[in-house]
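Participant: If you scroll down you'll find the structure; I have some questions about it.
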Amino acid sequence: MYEEALEYIKSCEDGVLQSDLWKCLDIDSRKCSRIVLKLLKEDIITREPESVDGVRTYRLRYAGVPSSSGRFRQLLVGEMFEPCAGCINECVPEHCPELSEWIFAIVLAEGSDLGLDQPIKKVNTAKLQQ
Ligand code: SF4
């Protein structure tokens, strides 16, 4: 069903309303929402709020093939890349300032309105480990 949803969205030049998509695919709205969230998470589609006859829905548009930065999006917080990838340091995670900084950056990003894609301030974890 994921592929069918994607093909349908791709075929609609002006995008498709999410409230129409699940009807066209003959699935229930919750299943459609799950598919849409997966497509959004993979950066394959975009979603904009829209109101039709006073009912809130979303317009879904095909965004193209995800870029390489999209593939690594989950490893990025702002402009910080996950520190363990490619790390050759002697690993003691409980005392690793890079890992602590990364975890605090995630916590700060999740607690702010910025989201994980936005640049965030670096955290001085040295003070926190004392
Ligand atoms: S926890 Fe620290 S030392 Fe260990 S792999 Fe990650 S960045 Fe490297």
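Naming works like this for the structure tokens: A, B, ... for the chains as they're shown, residue 1 at the start of each chain, ligands 1 onward in shown order.
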Using the chain letters and numbers from this document, which residues of segment 16-80 of chain A does DSSP assign to strand (DSSP E), as a list in words?
Facilitator: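 So, restricting segment 16-80 of chain A to strand (DSSP E), we get Val16, Leu17, Ile45, Thr46, Arg47, Glu48, Pro49, Glu50, Ser51, Val52, Val55, Arg56, Thr57, Tyr58, Arg59, Leu60, Arg61, Tyr62, Leu76, Val77 and Met80 of chain A.
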Participant: Do you know which residues are at most 6 Å from Arg59 of chain A counting only C-alpha atoms, after dropping those on the same chain fewer than 2 positions away, and could you put them as an NGL selection string?
Facilitator: :A and (16-17 or 47-48)
Participant: Would you write out those residues with N, CA and C atoms, as a PDB file, in the first residue's frame?
Facilitator:
```
ATOM      1  N   VAL A  16      -2.154  16.045  -3.614  1.00  0.00           N
ATOM      2  CA  VAL A  16      -3.436  15.412  -3.296  1.00  0.00           C
ATOM      3  C   VAL A  16      -3.767  15.696  -1.842  1.00  0.00           C
ATOM      4  N   LEU A  17      -5.050  15.863  -1.561  1.00  0.00           N
ATOM      5  CA  LEU A  17      -5.464  16.056  -0.170  1.00  0.00           C
ATOM      6  C   LEU A  17      -5.393  14.719   0.552  1.00  0.00           C
ATOM      7  N   ARG A  47       4.096  18.072   3.138  1.00  0.00           N
ATOM      8  CA  ARG A  47       2.720  18.170   3.636  1.00  0.00           C
ATOM      9  C   ARG A  47       2.449  19.585   4.101  1.00  0.00           C
ATOM     10  N   GLU A  48       1.378  20.179   3.571  1.00  0.00           N
ATOM     11  CA  GLU A  48       0.988  21.525   3.990  1.00  0.00           C
ATOM     12  C   GLU A  48      -0.452  21.492   4.471  1.00  0.00           C
TER      13      GLU A  48
END
```
Participant: Any chance you could tabulate, as a Markdown table, the residues of chain A at most 10 Å from ligand 1 with each one's nearest atom pair and distance in Å to one decimal, using only C-alpha atoms and all ligand atoms, in chain and rising number order?
Facilitator:
```
| residue | atom | partner | partner_atom_place_in_ligand_line | distance |
| --- | --- | --- | --- | --- |
| A:Glu82 | CA | ligand 1 | 7 (S) | 7.9 |
| A:Pro83 | CA | ligand 1 | 7 (S) | 4.5 |
| A:Cys84 | CA | ligand 1 | 6 (Fe) | 3.5 |
| A:Ala85 | CA | ligand 1 | 5 (S) | 7.0 |
| A:Gly86 | CA | ligand 1 | 5 (S) | 7.7 |
| A:Cys87 | CA | ligand 1 | 8 (Fe) | 4.5 |
| A:Ile88 | CA | ligand 1 | 8 (Fe) | 6.3 |
| A:Asn89 | CA | ligand 1 | 3 (S) | 4.9 |
| A:Glu90 | CA | ligand 1 | 3 (S) | 5.5 |
| A:Cys91 | CA | ligand 1 | 4 (Fe) | 3.8 |
| A:Val92 | CA | ligand 1 | 4 (Fe) | 5.6 |
| A:Pro93 | CA | ligand 1 | 1 (S) | 4.0 |
| A:Glu94 | CA | ligand 1 | 1 (S) | 7.5 |
| A:His95 | CA | ligand 1 | 2 (Fe) | 7.8 |
| A:Cys96 | CA | ligand 1 | 2 (Fe) | 4.6 |
| A:Pro97 | CA | ligand 1 | 2 (Fe) | 6.9 |
| A:Glu98 | CA | ligand 1 | 7 (S) | 5.4 |
| A:Leu99 | CA | ligand 1 | 2 (Fe) | 5.1 |
| A:Ser100 | CA | ligand 1 | 2 (Fe) | 8.2 |
| A:Glu101 | CA | ligand 1 | 7 (S) | 9.7 |
| A:Trp102 | CA | ligand 1 | 7 (S) | 8.9 |
```
Participant: Keeping only N, CA and C atoms, write the selected residues as a PDB file, in the first residue's frame.
Facilitator:
```
ATOM      1  N   GLU A  82      26.270  12.805  14.517  1.00  0.00           N
ATOM      2  CA  GLU A  82      26.383  11.825  15.601  1.00  0.00           C
ATOM      3  C   GLU A  82      27.857  11.471  15.799  1.00  0.00           C
ATOM      4  N   PRO A  83      28.387  11.599  17.020  1.00  0.00           N
ATOM      5  CA  PRO A  83      29.835  11.524  17.222  1.00  0.00           C
ATOM      6  C   PRO A  83      30.428  10.122  17.130  1.00  0.00           C
ATOM      7  N   CYS A  84      29.651   9.093  17.331  1.00  0.00           N
ATOM      8  CA  CYS A  84      30.218   7.738  17.374  1.00  0.00           C
ATOM      9  C   CYS A  84      30.546   7.198  15.978  1.00  0.00           C
ATOM     10  N   ALA A  85      29.893   7.755  14.948  1.00  0.00           N
ATOM     11  CA  ALA A  85      30.146   7.282  13.588  1.00  0.00           C
ATOM     12  C   ALA A  85      31.589   7.606  13.211  1.00  0.00           C
ATOM     13  N   GLY A  86      32.368   6.588  12.991  1.00  0.00           N
ATOM     14  CA  GLY A  86      33.756   6.775  12.580  1.00  0.00           C
ATOM     15  C   GLY A  86      34.692   7.114  13.715  1.00  0.00           C
ATOM     16  N   CYS A  87      34.218   7.082  14.941  1.00  0.00           N
ATOM     17  CA  CYS A  87      35.058   7.442  16.075  1.00  0.00           C
ATOM     18  C   CYS A  87      36.116   6.358  16.320  1.00  0.00           C
ATOM     19  N   ILE A  88      37.344   6.775  16.553  1.00  0.00           N
ATOM     20  CA  ILE A  88      38.406   5.812  16.836  1.00  0.00           C
ATOM     21  C   ILE A  88      38.990   6.023  18.240  1.00  0.00           C
ATOM     22  N   ASN A  89      38.300   6.835  19.024  1.00  0.00           N
ATOM     23  CA  ASN A  89      38.772   7.070  20.397  1.00  0.00           C
ATOM     24  C   ASN A  89      38.540   5.831  21.259  1.00  0.00           C
ATOM     25  N   GLU A  90      39.285   5.738  22.325  1.00  0.00           N
ATOM     26  CA  GLU A  90      39.026   4.675  23.290  1.00  0.00           C
ATOM     27  C   GLU A  90      37.666   4.970  23.915  1.00  0.00           C
ATOM     28  N   CYS A  91      36.794   4.028  23.821  1.00  0.00           N
ATOM     29  CA  CYS A  91      35.393   4.319  24.134  1.00  0.00           C
ATOM     30  C   CYS A  91      35.022   4.014  25.577  1.00  0.00           C
ATOM     31  N   VAL A  92      34.630   5.069  26.267  1.00  0.00           N
ATOM     32  CA  VAL A  92      34.027   4.939  27.600  1.00  0.00           C
ATOM     33  C   VAL A  92      32.805   5.859  27.565  1.00  0.00           C
ATOM     34  N   PRO A  93      31.692   5.352  27.068  1.00  0.00           N
ATOM     35  CA  PRO A  93      30.533   6.221  26.823  1.00  0.00           C
ATOM     36  C   PRO A  93      30.119   7.060  28.020  1.00  0.00           C
ATOM     37  N   GLU A  94      30.243   6.500  29.238  1.00  0.00           N
ATOM     38  CA  GLU A  94      29.806   7.247  30.431  1.00  0.00           C
ATOM     39  C   GLU A  94      30.622   8.522  30.632  1.00  0.00           C
ATOM     40  N   HIS A  95      31.830   8.565  30.065  1.00  0.00           N
ATOM     41  CA  HIS A  95      32.704   9.727  30.272  1.00  0.00           C
ATOM     42  C   HIS A  95      33.079  10.402  28.953  1.00  0.00           C
ATOM     43  N   CYS A  96      32.284  10.191  27.939  1.00  0.00           N
ATOM     44  CA  CYS A  96      32.612  10.754  26.622  1.00  0.00           C
ATOM     45  C   CYS A  96      31.946  12.116  26.456  1.00  0.00           C
ATOM     46  N   PRO A  97      32.735  13.211  26.412  1.00  0.00           N
ATOM     47  CA  PRO A  97      32.119  14.541  26.264  1.00  0.00           C
ATOM     48  C   PRO A  97      31.395  14.709  24.933  1.00  0.00           C
ATOM     49  N   GLU A  98      31.913  14.089  23.872  1.00  0.00           N
ATOM     50  CA  GLU A  98      31.257  14.214  22.564  1.00  0.00           C
ATOM     51  C   GLU A  98      29.857  13.581  22.591  1.00  0.00           C
ATOM     52  N   LEU A  99      29.782  12.405  23.202  1.00  0.00           N
ATOM     53  CA  LEU A  99      28.480  11.729  23.287  1.00  0.00           C
ATOM     54  C   LEU A  99      27.520  12.515  24.175  1.00  0.00           C
ATOM     55  N   SER A 100      28.039  13.026  25.298  1.00  0.00           N
ATOM     56  CA  SER A 100      27.185  13.818  26.200  1.00  0.00           C
ATOM     57  C   SER A 100      26.660  15.058  25.487  1.00  0.00           C
ATOM     58  N   GLU A 101      27.549  15.718  24.752  1.00  0.00           N
ATOM     59  CA  GLU A 101      27.149  16.923  24.015  1.00  0.00           C
ATOM     60  C   GLU A 101      26.054  16.598  23.006  1.00  0.00           C
ATOM     61  N   TRP A 102      26.219  15.463  22.338  1.00  0.00           N
ATOM     62  CA  TRP A 102      25.248  15.011  21.334  1.00  0.00           C
ATOM     63  C   TRP A 102      23.889  14.740  21.987  1.00  0.00           C
TER      64      TRP A 102
END
```
Participant: Could you tell me how far atom CA of Cys12 of chain A sits from atom CA of Leu25 of chain A, in Å to one decimal place?
Facilitator: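 One can read the atom CA of Leu25 of chain A to atom CA of Cys12 of chain A distance as 13.7 Å.
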Participant: Have a look at A:Cys24, A:Ile45, A:Leu40, A:Ile35 and name the one nearest to Met1 of chain A; count only C-alpha atoms.
Facilitator: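 So, comparing all the options, the nearest one is A:Ile35.
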Participant: Neighbours of Gln18 of chain A within 7 Å (only C-alpha atoms; same-chain residues fewer than 3 positions away dropped), as an MDAnalysis selection string?
Facilitator: chainID A and resid 21:22 57:60
Participant: Between atom CA of Val36 of chain A and atom CA of Gln74 of chain A, what is the spacing in Å?
Facilitator: 18.0 Å
Participant: Mind pulling up the distance from atom CA of Lys38 of chain A to atom CA of Ile106 of chain A?
Facilitator: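 Taking atom CA of Ile106 of chain A and atom CA of Lys38 of chain A, their separation equals 20.9 Å.
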